[in-house]
Amino acid sequence: MSLAIVWFRRDLRLADNPALAAALADHERVLPVYLHAPGEEAPWSPGAASGWWLHHALADLKRQLGGRLLLLPAADSLATLQDLVERSSAAAVYWNRLYEPAVVGRDTRVKQVLRDSGVAARSGNAALLFEPWEVSNKQGRPFRVFTPFWKYLQASGVPRRPVVVPDLAGRLIGQRAFAGLGGVDLDELGLVPAIPWDAGIARAWQPTREAAEARLEEFLAGDVRRYAGGRDLPAKDQVSRLSPYLHFGQLGPREVTAACHAAKDPAAEFLREIGWREFAHHLLYHFPHTADSPMDGRFDAFPWRENESDLTAWQRGDTGVPMVDAGMRQLWVSGWMHNRVRMIAASFLTKNLLLPWQSGARWFWDTLVDADLASNSLGWQWTAGCGADAAPYFRVFNPVLQGEKFDPRGAYVRRWVPQLSRLPDKWVHQPWAAPAEVLAGAGVSLGTNYPRPLVDLKASRLRALEVWGRLK
DNA sequence: TGAAATGTTGGGGCG
DNA sequence: ACGCCCCAACATTTC
């Protein structure tokens with residue numbers, strides 16, 4: 001009776017899972033395994049918020065597998081797999097591919113060594129609509145601009161059909177054999193915090209497959225019709241909130257596109273965001289240094305400031321600029337920030353504070369439940385103007401105007417910065433400009449219960465224009 | 001997936 | 001009635 005190991009990573013679902021489908025097609029039984037090897041992803045080991053999500057996603061997957069998900073801490077995935085192959089007498093190892101540079105390097109080696117030692121090793125695609133190496137422009141090179149990339153994908157026919165996975169009933173490794181392999185309890189992976197900072201995250205999210213399916217259905221049934229107009233209003237819940245499910249593979253992009261096309265509304269604006277996700281992976285795969293270094297070489301010696309206290313104020317949401325602080329506090333409390341506000345907060349850090357985009361990327365990496373190396377690197381480099389298809393250097397967001405445009409009643413600011421909740425709409429995005437009696441009447445005391453702005457917006461904008469202008 | 005400065009237009013107040 | 005000024009409102013240019 002032949003047995004195949006299915007090595008789960010960030011493909012934490014049973015449906016639309018090519019590795020699982022192939023293992024079931026080729027072998028009689030499967031052994032589902034998760035190796036906890038954060039060190040191998042260095043310097044981008046999962047952050048704290050991601051760890052929380054991963055813990056619960058693993059618990060959920062394990063439940064779906066009737067408890068038969070072998071959890072193993074691993075200093076060395078290859079050695080652990082080799083050992084497991086031997087102890088379980090497995091004939092093959094199946095997994096789905098990932099695209100971060102450190103992981104690609106590891107997986108390439110794992111596949112090579114396993115095959116050299118006579119163990120079948122096969123990988124599939126659970127994470128993307130298109131493999132990065134299958135997409136290129138007319139010169140045969142990777143795309144560097146989103147619009148032509150997306151047009152190319154659409155012309156190629158975006159896959160709309162999830163992979164069919166055979167029924168698992170009776171196909172999992174036997175309970176006794178499973179118990180003999182010595183997996184650890186989920187708690188032993190140490191993914192959830194010892195001090196309970198995760199209450200706000202737990203309130204905001206349900207990290208299960210069932211919740212992912214429900215959210216996709218709910219989004220396509222209602223919110224998506226208002227998506228084009230509503231996606232920029234952070235006070236409204238009119239975005240998909242599917243990013244963490246997609247990151248951990250509890251939901252696959254093929255499942256999303258299939259559902260979009262089956263829905264009444266074609267959801268083209270939303271599908272474009274799925275396209276950005278593809279583009280981010282495309283770029284990170286072809287330009288692996290861009291997680292840490294700017295794609296545009298002119299930024300290699302950029303005169304970023306170094307200022308620990310400004311960075312800390314930004315991280316804590318104590319910059320004194322309401323839209324920025326609201327976003328940073330939403331992030332800290334709930335593990336997520338609305339995309340419009342991510343751009344505002346990122347622009348403020350890089351352009352107004354002149355602090356390196358890498359510092360912002362690191363903080364997002366640690367605090368976002370949807371932290372994804374490809375999307376995070378693309379987003380930060382876009383804002384800083386040093387990436388592929390980057391924002392023009394002169395584009396500096398004004399957090400007051402952005403607030404007035406996209407949060408006109410200040411509902412978002414009031415929710416996340418309650419100290420400002422009683423300010424009239426007119427001043428809620430710029431309390432420093434409000435008359436003293438208005439501040440007093442609203443219970444706002446600048447410098448006491450809400451900070452004065454870290455920088456003058458006008459002056460810091462001019463400084464940014466000057467510094468970026470020098471690159472030309 | 002900007003913002004601010006500058007230019008243009010047209011209505012209304014007023015002498 | 002007419003010219004002049006003011007200034008929104010909108011468009012264009014520049015950073």
# chains A, B, ... in the order shown; residues from 1 in each chain; ligands from 1
>>> residues_around(residues="DA9 (chain C)", least_positions_apart="5", cutoff="12 Å", atoms="only C-alpha atoms (C1' of nucleotides)", output="list in words")
DT8, DT9, DG10 and DG11 of chain B
>>> write_last_selection(atoms="C-alpha atoms (C1' of nucleotides)", output="PDB file, in the first residue's frame")
ATOM      1  C1'  DT B   8      -9.494  80.461 -17.394  1.00  0.00           C
ATOM      2  C1'  DT B   9     -14.237  81.406 -17.226  1.00  0.00           C
ATOM      3  C1'  DG B  10     -18.481  83.326 -15.972  1.00  0.00           C
ATOM      4  C1'  DG B  11     -21.894  85.194 -12.747  1.00  0.00           C
TER       5       DG B  11
END
>>> closest_atom_pairs(of="chain A", to="chain B", cutoff="7 Å", atoms="only C-alpha atoms (C1' of nucleotides)", output="CSV")
residue,atom,partner,partner_atom,distance
A:Arg395,CA,B:DG2,C1',5.4
A:Val396,CA,B:DG2,C1',6.3
A:Phe397,CA,B:DG2,C1',6.1
>>> write_last_selection(atoms="N, CA and C atoms", output="mmCIF file, in the first residue's frame")
data_model
loop_
_atom_site.group_PDB
_atom_site.id
_atom_site.type_symbol
_atom_site.label_atom_id
_atom_site.label_comp_id
_atom_site.auth_asym_id
_atom_site.auth_seq_id
_atom_site.Cartn_x
_atom_site.Cartn_y
_atom_site.Cartn_z
ATOM 1 N N ARG A 395 4.742 62.482 -5.885
ATOM 2 C CA ARG A 395 3.438 62.171 -5.319
ATOM 3 C C ARG A 395 3.538 62.009 -3.806
ATOM 4 N N VAL A 396 3.085 63.006 -3.091
ATOM 5 C CA VAL A 396 3.100 62.987 -1.632
ATOM 6 C C VAL A 396 1.663 63.105 -1.158
ATOM 7 N N PHE A 397 1.205 62.134 -0.413
ATOM 8 C CA PHE A 397 -0.167 62.185 0.096
ATOM 9 C C PHE A 397 -0.257 63.244 1.188
#
>>> closest_atom_pairs(of="chain A", to="chain C", cutoff="12 Å", atoms="only C-alpha atoms (C1' of nucleotides)", output="JSON lines")
{"residue": "A:Pro392", "atom": "CA", "partner": "C:DC15", "partner_atom": "C1'", "distance": 10.3}
{"residue": "A:Tyr393", "atom": "CA", "partner": "C:DC15", "partner_atom": "C1'", "distance": 9.2}
{"residue": "A:Phe394", "atom": "CA", "partner": "C:DC15", "partner_atom": "C1'", "distance": 6.0}
{"residue": "A:Arg395", "atom": "CA", "partner": "C:DC15", "partner_atom": "C1'", "distance": 8.7}
{"residue": "A:Val396", "atom": "CA", "partner": "C:DC15", "partner_atom": "C1'", "distance": 10.2}
{"residue": "A:Arg461", "atom": "CA", "partner": "C:DC15", "partner_atom": "C1'", "distance": 10.6}
{"residue": "A:Leu462", "atom": "CA", "partner": "C:DC15", "partner_atom": "C1'", "distance": 9.3}
{"residue": "A:Arg463", "atom": "CA", "partner": "C:DC15", "partner_atom": "C1'", "distance": 11.8}
{"residue": "A:Ala464", "atom": "CA", "partner": "C:DC15", "partner_atom": "C1'", "distance": 10.8}
{"residue": "A:Leu465", "atom": "CA", "partner": "C:DC15", "partner_atom": "C1'", "distance": 7.2}
{"residue": "A:Glu466", "atom": "CA", "partner": "C:DC15", "partner_atom": "C1'", "distance": 9.4}
{"residue": "A:Trp468", "atom": "CA", "partner": "C:DC15", "partner_atom": "C1'", "distance": 10.6}
{"residue": "A:Gly469", "atom": "CA", "partner": "C:DC15", "partner_atom": "C1'", "distance": 8.7}
>>> write_last_selection(atoms="C-alpha atoms", output="PDB file, in the first residue's frame")
ATOM      1  CA  PRO A 392       5.996  59.331  -9.384  1.00  0.00           C
ATOM      2  CA  TYR A 393       8.537  60.875  -7.047  1.00  0.00           C
ATOM      3  CA  PHE A 394       6.489  64.012  -6.527  1.00  0.00           C
ATOM      4  CA  ARG A 395       3.438  62.171  -5.319  1.00  0.00           C
ATOM      5  CA  VAL A 396       3.100  62.987  -1.632  1.00  0.00           C
ATOM      6  CA  ARG A 461       6.388  67.820   1.741  1.00  0.00           C
ATOM      7  CA  LEU A 462       8.729  70.436   0.294  1.00  0.00           C
ATOM      8  CA  ARG A 463      11.692  68.679   1.865  1.00  0.00           C
ATOM      9  CA  ALA A 464      10.614  65.394   0.253  1.00  0.00           C
ATOM     10  CA  LEU A 465      10.207  67.029  -3.143  1.00  0.00           C
ATOM     11  CA  GLU A 466      13.666  68.480  -2.832  1.00  0.00           C
ATOM     12  CA  TRP A 468      13.476  63.079  -4.427  1.00  0.00           C
ATOM     13  CA  GLY A 469      13.999  65.745  -7.056  1.00  0.00           C
TER      14      GLY A 469
END
>>> residues_around(residues="Arg10 (chain A)", least_positions_apart="3", cutoff="10 Å", atoms="only C-alpha atoms (C1' of nucleotides)", output="ChimeraX atom specification")
/A:7,13,34,54,57-58,95-98,126-127,245-250
>>> write_last_selection(atoms="C-alpha atoms", output="PDB file, in the first residue's frame")
ATOM      1  CA  TRP A   7       3.799  18.723   2.956  1.00  0.00           C
ATOM      2  CA  ARG A  13      -6.944  23.977   2.493  1.00  0.00           C
ATOM      3  CA  TYR A  34       3.325  20.623   8.568  1.00  0.00           C
ATOM      4  CA  LEU A  54      -1.021  30.421  11.375  1.00  0.00           C
ATOM      5  CA  ALA A  57      -5.324  28.032  10.528  1.00  0.00           C
ATOM      6  CA  LEU A  58      -3.338  24.918  11.447  1.00  0.00           C
ATOM      7  CA  TRP A  95       3.834  20.107  -1.911  1.00  0.00           C
ATOM      8  CA  ASN A  96       2.649  23.376  -3.428  1.00  0.00           C
ATOM      9  CA  ARG A  97       5.175  25.978  -4.454  1.00  0.00           C
ATOM     10  CA  LEU A  98       6.016  29.254  -2.725  1.00  0.00           C
ATOM     11  CA  ALA A 126      -1.946  26.410  -5.177  1.00  0.00           C
ATOM     12  CA  ALA A 127      -0.994  30.050  -4.660  1.00  0.00           C
ATOM     13  CA  TYR A 245      -6.995  33.754   3.809  1.00  0.00           C
ATOM     14  CA  LEU A 246      -5.232  34.103   0.467  1.00  0.00           C
ATOM     15  CA  HIS A 247      -1.838  34.483   2.120  1.00  0.00           C
ATOM     16  CA  PHE A 248      -2.182  31.267   4.101  1.00  0.00           C
ATOM     17  CA  GLY A 249      -3.896  29.465   1.259  1.00  0.00           C
ATOM     18  CA  GLN A 250      -7.103  28.852   3.129  1.00  0.00           C
TER      19      GLN A 250
END
>>> select_by_dssp(residues="region 27-233 of chain A", states="strand (DSSP E or B)", output="JSON, numbers by chain")
{"A": [29, 30, 31, 32, 33, 34, 35, 36, 70, 71, 72, 73, 92, 93, 94, 95, 96, 120, 121, 122, 123, 124, 172]}
>>> write_last_selection(atoms="N, CA and C atoms", output="compact mmCIF listing (two decimals), in the first residue's frame")
# COMPACT_ATOMS: atom_id res chain seq x y z
N ARG A 29 -2.55 6.10 0.02
CA ARG A 29 -2.76 6.83 1.28
C ARG A 29 -1.87 8.07 1.35
N VAL A 30 -2.33 9.02 2.14
CA VAL A 30 -1.53 10.23 2.31
C VAL A 30 -1.27 10.54 3.78
N LEU A 31 -0.12 11.10 4.02
CA LEU A 31 0.27 11.56 5.35
C LEU A 31 0.44 13.08 5.31
N PRO A 32 -0.53 13.84 5.86
CA PRO A 32 -0.40 15.30 5.86
C PRO A 32 0.57 15.77 6.95
N VAL A 33 1.49 16.65 6.56
CA VAL A 33 2.54 17.10 7.47
C VAL A 33 2.66 18.62 7.41
N TYR A 34 2.90 19.21 8.56
CA TYR A 34 3.33 20.62 8.57
C TYR A 34 4.64 20.71 9.32
N LEU A 35 5.66 21.25 8.67
CA LEU A 35 6.96 21.43 9.33
C LEU A 35 7.08 22.88 9.78
N HIS A 36 7.34 23.06 11.04
CA HIS A 36 7.51 24.43 11.54
C HIS A 36 8.99 24.77 11.52
N LEU A 70 0.30 15.92 10.89
CA LEU A 70 1.51 15.73 11.70
C LEU A 70 2.25 17.07 11.81
N LEU A 71 2.42 17.53 13.04
CA LEU A 71 3.11 18.80 13.27
C LEU A 71 4.50 18.51 13.78
N LEU A 72 5.50 19.05 13.07
CA LEU A 72 6.88 18.80 13.49
C LEU A 72 7.70 20.08 13.47
N PRO A 73 8.30 20.43 14.58
CA PRO A 73 9.28 21.52 14.54
C PRO A 73 10.49 21.02 13.76
N ALA A 92 6.82 9.06 -1.65
CA ALA A 92 6.85 10.34 -2.36
C ALA A 92 6.49 11.49 -1.43
N VAL A 93 6.93 12.67 -1.82
CA VAL A 93 6.57 13.89 -1.09
C VAL A 93 5.97 14.87 -2.09
N TYR A 94 4.81 15.42 -1.73
CA TYR A 94 4.12 16.40 -2.59
C TYR A 94 3.96 17.71 -1.83
N TRP A 95 4.13 18.82 -2.53
CA TRP A 95 3.83 20.11 -1.91
C TRP A 95 3.44 21.12 -2.97
N ASN A 96 2.97 22.27 -2.52
CA ASN A 96 2.65 23.38 -3.43
C ASN A 96 3.70 24.46 -3.28
N ALA A 120 10.24 10.16 -4.85
CA ALA A 120 9.55 11.05 -5.79
C ALA A 120 9.20 12.35 -5.08
N ALA A 121 9.46 13.45 -5.73
CA ALA A 121 9.14 14.76 -5.15
C ALA A 121 8.45 15.59 -6.23
N ARG A 122 7.25 16.05 -5.94
CA ARG A 122 6.50 16.82 -6.94
C ARG A 122 5.87 18.03 -6.28
N SER A 123 5.89 19.13 -7.01
CA SER A 123 5.26 20.34 -6.48
C SER A 123 4.19 20.82 -7.44
N GLY A 124 3.19 21.50 -6.87
CA GLY A 124 2.07 22.03 -7.66
C GLY A 124 1.87 23.50 -7.38
N LEU A 172 -6.55 8.66 4.33
CA LEU A 172 -5.51 9.18 5.23
C LEU A 172 -4.75 8.04 5.86
>>> atom_distance(atom1="CA of Leu114 (chain A)", atom2="CA of Leu84 (chain A)")
11.8 Å
>>> residues_around(residues="region 340-345 of chain A", least_positions_apart="2", cutoff="10 Å", atoms="only C-alpha atoms (C1' of nucleotides)", output="number ranges by chain")
A: 231-234, 314-315, 317, 321, 323-328, 330-331, 336-338, 347-352, 360, 364, 379-380, 382-383, 396-400, 402-403, 406; B: 1
>>> atom_distance(atom1="CA of Ser293 (chain A)", atom2="CA of Phe270 (chain A)")
29.3 Å
>>> residues_around(residues="region 144-154 of chain A", least_positions_apart="3", cutoff="12 Å", atoms="only C-alpha atoms (C1' of nucleotides)", output="ChimeraX atom specification")
/A:128-132,134-138,141,157-160,257,268,271-284,286-287,295-296,378,382,387-391
>>> write_last_selection(atoms="N, CA and C atoms", output="tab-separated table (two decimals), in the first residue's frame")
chain	number	residue	atom	x	y	z
A	128	LEU	N	-1.04	30.76	-7.00
A	128	LEU	CA	-1.11	31.78	-8.05
A	128	LEU	C	-1.97	31.32	-9.23
A	129	LEU	N	-2.43	32.29	-9.98
A	129	LEU	CA	-3.15	31.99	-11.22
A	129	LEU	C	-2.16	31.62	-12.32
A	130	PHE	N	-1.01	32.30	-12.31
A	130	PHE	CA	0.02	32.06	-13.32
A	130	PHE	C	1.38	31.92	-12.64
A	131	GLU	N	2.17	30.97	-13.09
A	131	GLU	CA	3.53	30.86	-12.57
A	131	GLU	C	4.35	32.03	-13.10
A	132	PRO	N	5.21	32.60	-12.27
A	132	PRO	CA	5.99	33.76	-12.70
A	132	PRO	C	6.82	33.50	-13.95
A	134	GLU	N	6.05	31.68	-16.41
A	134	GLU	CA	5.23	31.46	-17.61
A	134	GLU	C	4.79	32.77	-18.26
A	135	VAL	N	5.11	33.88	-17.59
A	135	VAL	CA	4.61	35.18	-18.05
A	135	VAL	C	5.78	36.07	-18.43
A	136	SER	N	5.78	36.59	-19.66
A	136	SER	CA	6.84	37.52	-20.04
A	136	SER	C	6.34	38.44	-21.14
A	137	ASN	N	7.03	39.55	-21.31
A	137	ASN	CA	6.63	40.52	-22.34
A	137	ASN	C	7.20	40.12	-23.70
A	138	LYS	N	7.03	40.99	-24.66
A	138	LYS	CA	7.42	40.62	-26.03
A	138	LYS	C	8.92	40.43	-26.18
A	141	ARG	N	11.08	39.20	-21.43
A	141	ARG	CA	11.52	39.58	-20.08
A	141	ARG	C	10.33	39.71	-19.15
A	157	GLY	N	-6.43	34.27	-20.55
A	157	GLY	CA	-7.53	33.52	-19.96
A	157	GLY	C	-7.24	33.19	-18.51
A	158	VAL	N	-7.71	34.03	-17.63
A	158	VAL	CA	-7.49	33.79	-16.19
A	158	VAL	C	-8.20	32.50	-15.78
A	159	PRO	N	-7.47	31.58	-15.14
A	159	PRO	CA	-8.09	30.31	-14.75
A	159	PRO	C	-9.30	30.54	-13.84
A	160	ARG	N	-10.36	29.85	-14.12
A	160	ARG	CA	-11.57	30.01	-13.33
A	160	ARG	C	-11.99	28.70	-12.70
A	257	THR	N	-11.45	33.61	-8.37
A	257	THR	CA	-11.87	34.01	-9.73
A	257	THR	C	-13.08	33.20	-10.18
A	268	ALA	N	-15.03	43.27	-11.82
A	268	ALA	CA	-13.77	43.53	-12.52
A	268	ALA	C	-12.79	44.33	-11.67
A	271	LEU	N	-11.22	41.96	-9.25
A	271	LEU	CA	-10.31	41.02	-9.90
A	271	LEU	C	-8.96	41.68	-10.20
A	272	ARG	N	-9.01	42.97	-10.47
A	272	ARG	CA	-7.79	43.71	-10.71
A	272	ARG	C	-6.87	43.65	-9.48
A	273	GLU	N	-7.45	43.64	-8.30
A	273	GLU	CA	-6.64	43.53	-7.08
A	273	GLU	C	-6.01	42.14	-6.96
A	274	ILE	N	-6.74	41.13	-7.41
A	274	ILE	CA	-6.15	39.79	-7.48
A	274	ILE	C	-4.98	39.83	-8.47
A	275	GLY	N	-5.15	40.64	-9.51
A	275	GLY	CA	-4.06	40.84	-10.48
A	275	GLY	C	-2.84	41.48	-9.84
A	276	TRP	N	-3.05	42.45	-8.96
A	276	TRP	CA	-1.92	43.08	-8.26
A	276	TRP	C	-1.18	42.05	-7.39
A	277	ARG	N	-1.95	41.17	-6.80
A	277	ARG	CA	-1.33	40.11	-5.99
A	277	ARG	C	-0.43	39.23	-6.88
A	278	GLU	N	-0.93	38.90	-8.06
A	278	GLU	CA	-0.12	38.12	-9.01
A	278	GLU	C	1.14	38.89	-9.40
A	279	PHE	N	0.95	40.16	-9.68
A	279	PHE	CA	2.06	41.02	-10.12
A	279	PHE	C	3.14	41.08	-9.03
A	280	ALA	N	2.72	41.20	-7.80
A	280	ALA	CA	3.68	41.26	-6.69
A	280	ALA	C	4.52	39.99	-6.64
A	281	HIS	N	3.89	38.85	-6.81
A	281	HIS	CA	4.64	37.58	-6.79
A	281	HIS	C	5.55	37.45	-8.01
A	282	HIS	N	5.04	37.92	-9.14
A	282	HIS	CA	5.83	37.94	-10.37
A	282	HIS	C	7.13	38.73	-10.14
A	283	LEU	N	6.99	39.91	-9.55
A	283	LEU	CA	8.17	40.76	-9.33
A	283	LEU	C	9.13	40.15	-8.32
A	284	LEU	N	8.60	39.67	-7.20
A	284	LEU	CA	9.49	39.13	-6.17
A	284	LEU	C	10.24	37.91	-6.69
A	286	HIS	N	11.09	37.27	-9.87
A	286	HIS	CA	12.11	37.64	-10.86
A	286	HIS	C	13.17	38.60	-10.32
A	287	PHE	N	12.82	39.34	-9.29
A	287	PHE	CA	13.77	40.31	-8.70
A	287	PHE	C	13.85	40.06	-7.20
A	295	MET	N	14.32	48.39	-6.02
A	295	MET	CA	14.48	47.90	-7.39
A	295	MET	C	15.22	48.94	-8.23
A	296	ASP	N	14.95	50.19	-7.93
A	296	ASP	CA	15.59	51.29	-8.64
A	296	ASP	C	16.92	51.62	-7.97
A	378	LEU	N	6.20	45.16	-2.68
A	378	LEU	CA	5.69	45.96	-3.79
A	378	LEU	C	5.04	47.23	-3.28
A	382	TRP	N	6.42	50.90	-4.02
A	382	TRP	CA	5.55	51.76	-4.83
A	382	TRP	C	5.45	53.13	-4.16
A	387	GLY	N	10.32	51.42	-6.70
A	387	GLY	CA	10.02	50.08	-7.19
A	387	GLY	C	9.70	50.05	-8.66
A	388	ALA	N	9.24	48.86	-9.10
A	388	ALA	CA	8.72	48.75	-10.47
A	388	ALA	C	7.36	49.43	-10.48
A	389	ASP	N	7.06	50.11	-11.56
A	389	ASP	CA	5.76	50.74	-11.70
A	389	ASP	C	5.45	51.59	-10.46
A	390	ALA	N	6.44	52.36	-10.04
A	390	ALA	CA	6.32	53.09	-8.78
A	390	ALA	C	5.53	54.38	-8.94
A	391	ALA	N	5.08	54.88	-7.82
A	391	ALA	CA	4.44	56.20	-7.82
A	391	ALA	C	5.47	57.24	-8.26
>>> atom_distance(atom1="CA of Gly230 (chain A)", atom2="CA of Val256 (chain A)")
19.7 Å
